[in-house]
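First up is the structure itself, then whatever we jot down about it.
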Amino acid sequence: MIVAGEGNYLIDAEGKRYLDGVSSIWCNTFGHRKKEIDEAIKDQLDRIAHSTFLGNSGDRAVELAHRLVEIAPDGLTRVFYSDNGSTSVEIAVKMALQYWQQQDDESQRGRKRFVAFGNAYHGDTVGSVSVGGIDLFHQRFGPLLFDVIRSPSPYCYRCPLGKTPDTCEIDCLTEFENLMNECGNEVAAVVLEPGFQGAGGIVTLPSGFLRGVREICDRTGALLILDEVAAGMGRSGRMFACETEEVVPDFLCIAKGLTGGYLPLAATLAKEEIFEAFLGPPEEGKTFFHGHTYTGNALGAAAAIATLDLFEREKVIDQLPGKIKFLRKESERLKDLPSVGDIRQFGLAVGIELVKDKKTKEPYPASERRGMKVCQHAISNGVFLRPLGDVIILMPPLSITEEEIRTLVSVVESGVRAESPDTC
Ligand SMILES: *Cc1c(COP(=O)(O)O)cnc(C)c1O
């Protein structure tokens with residue numbers, strides 16, 4: 001039961017402190033009770049907490065939109081707000097669909113399908129679940145979902161195409177290309193998490209994959225939606241993960257870290273030509289009918305502006321390469337443990353996949369809940385972690401120090417040793 005926080009630590013009802021090893025589910029950026037964000041929210045409270053963005057506007061959200069356009073990859077000039085990552089993707093999907101319907105060129109109006117990847121996670125609303133590809137989370141809702149063209153996950157450790165590192169020529173990208181060659185002219189948009197598939201277990205994309213997807217989208221005319229809800233806002237080591245391959249999407253979805261992990265706010269950035277397709281007199285009916293009660297919330301926007309200020313003032317991005325390297329060095333120590341099958345890292349995100357048999361990659365029976373047990377061990381030792389099945393996730397605040405990284409990894413190490421002794 002968490003009752004308070006301070007810096008990179010959570011404090012429970014008994015006063016015990018825990019290192020926040022998953023950034024309060026991947027969103028906390030600078031630690032808790034960061035003075036500048038606290039003050040920005042308090043200042044905003046003295047003006048107004050919220051007023052509607054439907055039929056009206058607000059200074060904070062407008063200021064934030066300008067700031068986001070400034071830092072976003074060139075060409076993303078428009079911002080549409082919502083309040084969580086799922087809706088930021090849902091909005092991009094709906095906008096892409098409507099965009100094609102409003103094309104002057106009639107031959108393009110048939111683009112209605114979406115391509116998404118196996119093992120993808122884009123949120124928990126019905127549209128974002130439709131493009132998601134994790135059976136455990138999504139299968140149950142099958143009857144509610146729209147049909148998606150599914151391209152194989154670039155999950156190298158468990159390659160869906162049966163390739164190994166020596167035989168792989170990024171065949172999953174070739175598979176994607178084949179799908180697009182076949183039905184690319186029906187495709188409204190491709191949806192992808194750049195950098196790594198987060199909830200899929202920090203499945204890192206092979207180098208060149210993202211750029212390849214962009215090129216194939218360009219060639220086949222499909223729009224590209226990048227879901228940077230987890231990878232954006234510094235997590236990748238750059239402000240946005242798509243910068244690592246110099247890719248500019250048609251839609252960029254951000255949420256989690258946008259407010260420093262303080263308040264629910266999300267943004268779907270789009271290119272100018274997307275925006276323009278929605279312009280026209282009311283009788284043409286080009287309106288995008290999507291608006292939330294709390295769209296453009298002023299407190300959230302104030303927290304987000306303070307977050308962007310902190311990125312600048314504290315030169316956060318400049319400090320990340322050192323931390324990322326240190327985290328890599330520390331976590332690599334774990335790779336010789338008998339139950340550690342794979343360690344994957346992208347920026348300040350690590351997934352440690354536990355397996356029963358390292359040679360055959362046989363997983364533990366789910367009923368043994370190994371991942372959960374390792375995290376419980378960590379919690380008893382002052383580090384809060386939450387696994388994804390048997391993948392231990394390390395996703396610390398960007399403000400984590402080297403000493404705290406050392407603690408984080410060594411608690412996981414002792415947890416893995418304690419919870420899988422039979423394989424030692
Ligand atoms: C968390 C997450 C979402 C969903 O965000 P919510 O704010 O939880 O709705 C979508 N996409 C990715 C990649 C995420 O990590």
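Quick note on naming: the chains in the structure tokens go A, B, ... in the order shown, residues restart at 1 in each chain, and ligands are numbered from 1 in order of appearance.
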Query raised in the report: ligand 1: which residues are within 6 Å, counting only C-alpha atoms and all ligand atoms, as a PyMOL selection string?
Result: chain A and resi 84-86+121-123+193+198+227-230+256
Just write the chosen residues, N, CA, C and O atoms, as a short mmCIF file (atom, residue, chain, number, x, y, z; two decimals), in the first residue's frame.
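The new file out23.cif reads:
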data_model
loop_
_atom_site.label_atom_id
_atom_site.label_comp_id
_atom_site.auth_asym_id
_atom_site.auth_seq_id
_atom_site.Cartn_x
_atom_site.Cartn_y
_atom_site.Cartn_z
N ASN A 84 -4.91 8.77 -22.44
CA ASN A 84 -4.08 7.60 -22.13
C ASN A 84 -3.51 7.00 -23.42
O ASN A 84 -3.89 7.39 -24.52
N GLY A 85 -2.60 6.07 -23.24
CA GLY A 85 -1.91 5.51 -24.40
C GLY A 85 -2.84 4.77 -25.34
O GLY A 85 -2.71 4.85 -26.57
N SER A 86 -3.78 4.02 -24.76
CA SER A 86 -4.72 3.26 -25.60
C SER A 86 -5.48 4.18 -26.53
O SER A 86 -5.64 3.90 -27.73
N TYR A 121 1.57 -4.76 -28.39
CA TYR A 121 0.62 -4.26 -27.40
C TYR A 121 0.40 -2.77 -27.65
O TYR A 121 1.35 -2.00 -27.71
N HIS A 122 -0.86 -2.40 -27.82
CA HIS A 122 -1.16 -0.99 -28.08
C HIS A 122 -2.21 -0.43 -27.14
O HIS A 122 -2.70 0.68 -27.38
N GLY A 123 -2.56 -1.18 -26.09
CA GLY A 123 -3.53 -0.66 -25.14
C GLY A 123 -4.72 -1.56 -24.98
O GLY A 123 -4.80 -2.63 -25.62
N GLU A 193 5.24 -0.63 -32.57
CA GLU A 193 5.99 -0.05 -31.46
C GLU A 193 7.45 0.03 -31.90
O GLU A 193 8.08 -1.00 -32.11
N GLY A 198 6.94 -3.57 -25.97
CA GLY A 198 7.04 -3.44 -24.51
C GLY A 198 6.36 -4.57 -23.76
O GLY A 198 7.02 -5.46 -23.20
N ASP A 227 3.63 3.72 -32.21
CA ASP A 227 3.16 3.76 -30.83
C ASP A 227 4.39 3.91 -29.93
O ASP A 227 5.07 2.93 -29.63
N GLU A 228 4.65 5.16 -29.54
CA GLU A 228 5.79 5.43 -28.65
C GLU A 228 5.32 5.68 -27.23
O GLU A 228 5.95 6.44 -26.47
N VAL A 229 4.20 5.09 -26.88
CA VAL A 229 3.66 5.28 -25.53
C VAL A 229 4.69 4.85 -24.49
O VAL A 229 4.89 5.54 -23.48
N ALA A 230 5.37 3.73 -24.76
CA ALA A 230 6.40 3.26 -23.81
C ALA A 230 7.79 3.78 -24.19
O ALA A 230 8.56 4.20 -23.33
N LYS A 256 2.36 7.71 -21.55
CA LYS A 256 3.09 7.39 -20.30
C LYS A 256 3.99 8.50 -19.73
O LYS A 256 3.62 9.14 -18.77
#
Hey, which bits of stretch 324-422 of chain A sit within 7 Å of stretch 232-242 of chain A, and for each residue what's the closest pair of atoms and how far apart in Å (one decimal), counting only C-alpha atoms, rows by chain and increasing number, as a tab-separated table?
residue	atom	partner	partner_atom	distance
A:Phe346	CA	A:Ser236	CA	6.1
A:Gly347	CA	A:Ser236	CA	4.1
A:Leu348	CA	A:Arg235	CA	5.6
**Report entry** DSSP-assigned helix (DSSP H, G or I) members of stretch 291-394 of chain A, reported as a VMD selection string
**Finding:** chain A and resid 298 to 313 316 to 336 366 to 368 370 to 380
**Report entry** Residue contacts of stretch 247-254 of chain A (8 Å, only C-alpha atoms) excluding same-chain residues fewer than 2 positions away, as a count of residues only
**Finding:** 35
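The nearest approach to A:Gly285 among the residues A:Ser130, A:Ser153, A:Ser339, A:Gln101, with only C-alpha atoms taken into account, belongs to A:Gln101.
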Query raised in the report: Of the candidates A:Glu314, A:Glu402, A:Asp171, A:Glu272, which one gets nearest to A:Arg328 if we count only C-alpha atoms?
Result: A:Glu402
List every residue of stretch 215-301 of chain A that has an atom at most 12 Å from any atom of stretch 103-112 of chain A, giving for each one its closest atom pair and the distance in Å to one decimal, counting only C-alpha atoms, sorted by chain and then by ascending residue number, as CSV.
residue,atom,partner,partner_atom,distance
A:Thr220,CA,A:Arg111,CA,11.2
A:Gly221,CA,A:Gln108,CA,9.2
A:Ala222,CA,A:Arg111,CA,8.3
A:Leu223,CA,A:Arg111,CA,10.1
A:Glu273,CA,A:Gln103,CA,10.7
A:Ile274,CA,A:Gln103,CA,10.2
A:Glu276,CA,A:Gln103,CA,10.4
A:Ala277,CA,A:Gln103,CA,7.1
A:Phe278,CA,A:Gln103,CA,9.7
A:Leu279,CA,A:Gln103,CA,11.5
A:Lys286,CA,A:Gln103,CA,10.7
For the residues in that selection, give me N, CA, C and O atoms as a PDB file, in the first residue's frame.
ATOM      1  N   THR A 220       4.275   1.305 -50.705  1.00  0.00           N
ATOM      2  CA  THR A 220       2.921   0.771 -50.904  1.00  0.00           C
ATOM      3  C   THR A 220       1.849   1.790 -50.539  1.00  0.00           C
ATOM      4  O   THR A 220       0.659   1.499 -50.651  1.00  0.00           O
ATOM      5  N   GLY A 221       2.269   2.954 -50.090  1.00  0.00           N
ATOM      6  CA  GLY A 221       1.323   4.034 -49.840  1.00  0.00           C
ATOM      7  C   GLY A 221       0.580   3.967 -48.517  1.00  0.00           C
ATOM      8  O   GLY A 221      -0.315   4.776 -48.267  1.00  0.00           O
ATOM      9  N   ALA A 222       0.931   3.021 -47.652  1.00  0.00           N
ATOM     10  CA  ALA A 222       0.236   2.922 -46.362  1.00  0.00           C
ATOM     11  C   ALA A 222       0.806   3.940 -45.383  1.00  0.00           C
ATOM     12  O   ALA A 222       1.983   4.296 -45.450  1.00  0.00           O
ATOM     13  N   LEU A 223      -0.040   4.408 -44.463  1.00  0.00           N
ATOM     14  CA  LEU A 223       0.428   5.308 -43.414  1.00  0.00           C
ATOM     15  C   LEU A 223       1.118   4.482 -42.323  1.00  0.00           C
ATOM     16  O   LEU A 223       0.822   3.297 -42.167  1.00  0.00           O
ATOM     17  N   GLU A 273      -0.492  16.905 -43.799  1.00  0.00           N
ATOM     18  CA  GLU A 273      -1.426  16.439 -44.837  1.00  0.00           C
ATOM     19  C   GLU A 273      -2.568  15.619 -44.231  1.00  0.00           C
ATOM     20  O   GLU A 273      -3.645  15.548 -44.814  1.00  0.00           O
ATOM     21  N   ILE A 274      -2.325  15.023 -43.094  1.00  0.00           N
ATOM     22  CA  ILE A 274      -3.418  14.306 -42.402  1.00  0.00           C
ATOM     23  C   ILE A 274      -4.427  15.350 -41.925  1.00  0.00           C
ATOM     24  O   ILE A 274      -5.631  15.248 -42.183  1.00  0.00           O
ATOM     25  N   GLU A 276      -4.925  18.306 -42.990  1.00  0.00           N
ATOM     26  CA  GLU A 276      -5.613  18.991 -44.102  1.00  0.00           C
ATOM     27  C   GLU A 276      -6.763  18.174 -44.685  1.00  0.00           C
ATOM     28  O   GLU A 276      -7.746  18.747 -45.174  1.00  0.00           O
ATOM     29  N   ALA A 277      -6.656  16.865 -44.616  1.00  0.00           N
ATOM     30  CA  ALA A 277      -7.724  16.012 -45.170  1.00  0.00           C
ATOM     31  C   ALA A 277      -9.023  16.155 -44.383  1.00  0.00           C
ATOM     32  O   ALA A 277     -10.078  15.712 -44.832  1.00  0.00           O
ATOM     33  N   PHE A 278      -8.944  16.772 -43.196  1.00  0.00           N
ATOM     34  CA  PHE A 278     -10.133  16.919 -42.359  1.00  0.00           C
ATOM     35  C   PHE A 278     -10.728  18.327 -42.444  1.00  0.00           C
ATOM     36  O   PHE A 278     -11.661  18.653 -41.716  1.00  0.00           O
ATOM     37  N   LEU A 279     -10.170  19.151 -43.333  1.00  0.00           N
ATOM     38  CA  LEU A 279     -10.665  20.524 -43.446  1.00  0.00           C
ATOM     39  C   LEU A 279     -11.782  20.603 -44.489  1.00  0.00           C
ATOM     40  O   LEU A 279     -11.778  19.857 -45.465  1.00  0.00           O
ATOM     41  N   LYS A 286     -16.458  16.386 -42.866  1.00  0.00           N
ATOM     42  CA  LYS A 286     -15.099  15.856 -42.695  1.00  0.00           C
ATOM     43  C   LYS A 286     -14.623  15.892 -41.240  1.00  0.00           C
ATOM     44  O   LYS A 286     -13.472  15.580 -40.940  1.00  0.00           O
TER      45      LYS A 286
END
Query raised in the report: Near A:Lys94, within 10 Å and counting only C-alpha atoms, which residues show up once chain neighbours fewer than 6 positions away are dropped, as number ranges by chain?
Result: A: 127, 188, 288-290
Atoms to include: N, CA and C atoms. Write the selected residues as a short mmCIF file (atom, residue, chain, number, x, y, z; two decimals), in the first residue's frame.
data_model
loop_
_atom_site.label_atom_id
_atom_site.label_comp_id
_atom_site.auth_asym_id
_atom_site.auth_seq_id
_atom_site.Cartn_x
_atom_site.Cartn_y
_atom_site.Cartn_z
N GLY A 127 -10.29 -0.84 -30.04
CA GLY A 127 -9.50 -0.61 -31.25
C GLY A 127 -8.04 -0.94 -31.05
N ALA A 188 -4.81 0.84 -44.79
CA ALA A 188 -4.89 2.23 -44.35
C ALA A 188 -3.60 2.59 -43.61
N PHE A 288 -13.64 15.08 -37.59
CA PHE A 288 -13.19 13.88 -36.88
C PHE A 288 -13.97 13.82 -35.57
N PHE A 289 -14.93 12.93 -35.52
CA PHE A 289 -15.78 12.86 -34.32
C PHE A 289 -15.12 12.01 -33.26
N HIS A 290 -14.27 12.63 -32.52
CA HIS A 290 -13.63 11.94 -31.41
C HIS A 290 -13.21 13.00 -30.41
#
**Report entry** Surrounding residues of A:Thr295 excluding itself and chain neighbours under 4 positions, 10 Å, only C-alpha atoms, as a ChimeraX atom specification
**Finding:** /A:50-54,57,61,80-83,265-267,290-291,300
Residues of the last selection are to be written out with N, CA and C atoms, as a compact mmCIF listing (two decimals), in the first residue's frame.
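Once written, again.txt looks like this:
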# COMPACT_ATOMS: atom_id res chain seq x y z
N HIS A 50 -9.31 22.56 -15.18
CA HIS A 50 -9.77 21.97 -16.43
C HIS A 50 -10.89 22.81 -17.03
N SER A 51 -10.86 22.96 -18.32
CA SER A 51 -12.03 23.47 -19.05
C SER A 51 -12.06 22.71 -20.37
N THR A 52 -13.20 22.63 -20.99
CA THR A 52 -13.29 21.73 -22.15
C THR A 52 -12.50 22.22 -23.36
N PHE A 53 -12.04 21.25 -24.12
CA PHE A 53 -11.36 21.51 -25.38
C PHE A 53 -12.32 21.33 -26.56
N LEU A 54 -13.55 20.98 -26.25
CA LEU A 54 -14.53 20.77 -27.32
C LEU A 54 -15.25 22.10 -27.53
N SER A 57 -10.71 26.25 -26.32
CA SER A 57 -9.29 25.94 -26.29
C SER A 57 -8.74 26.33 -24.93
N ALA A 61 -2.60 23.74 -22.97
CA ALA A 61 -2.55 22.65 -23.96
C ALA A 61 -2.04 23.17 -25.31
N PHE A 80 -3.22 16.00 -31.43
CA PHE A 80 -4.59 15.69 -30.98
C PHE A 80 -4.47 15.05 -29.61
N TYR A 81 -5.15 15.63 -28.62
CA TYR A 81 -5.00 15.15 -27.24
C TYR A 81 -6.03 14.09 -26.86
N SER A 82 -5.60 13.23 -25.94
CA SER A 82 -6.54 12.37 -25.23
C SER A 82 -5.91 12.10 -23.86
N ASP A 83 -6.35 11.04 -23.18
CA ASP A 83 -5.86 10.92 -21.81
C ASP A 83 -5.15 9.62 -21.46
N LEU A 265 -2.32 11.98 -19.56
CA LEU A 265 -2.42 12.84 -20.73
C LEU A 265 -1.73 12.12 -21.88
N ALA A 266 -2.32 12.19 -23.05
CA ALA A 266 -1.73 11.54 -24.22
C ALA A 266 -1.86 12.46 -25.41
N ALA A 267 -1.02 12.21 -26.41
CA ALA A 267 -1.08 13.02 -27.63
C ALA A 267 -0.85 12.12 -28.83
N HIS A 290 -14.27 12.63 -32.52
CA HIS A 290 -13.63 11.94 -31.41
C HIS A 290 -13.21 13.00 -30.41
N GLY A 291 -13.79 12.98 -29.24
CA GLY A 291 -13.39 13.95 -28.22
C GLY A 291 -13.69 13.39 -26.85
N GLY A 300 -2.71 18.44 -16.65
CA GLY A 300 -1.85 17.50 -17.36
C GLY A 300 -0.88 18.24 -18.27
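Considering the residues A:Glu283, A:Glu419, A:Glu312, A:Leu327 and counting only C-alpha atoms, A:Glu368 has its shortest atom-to-atom contact with A:Glu419.
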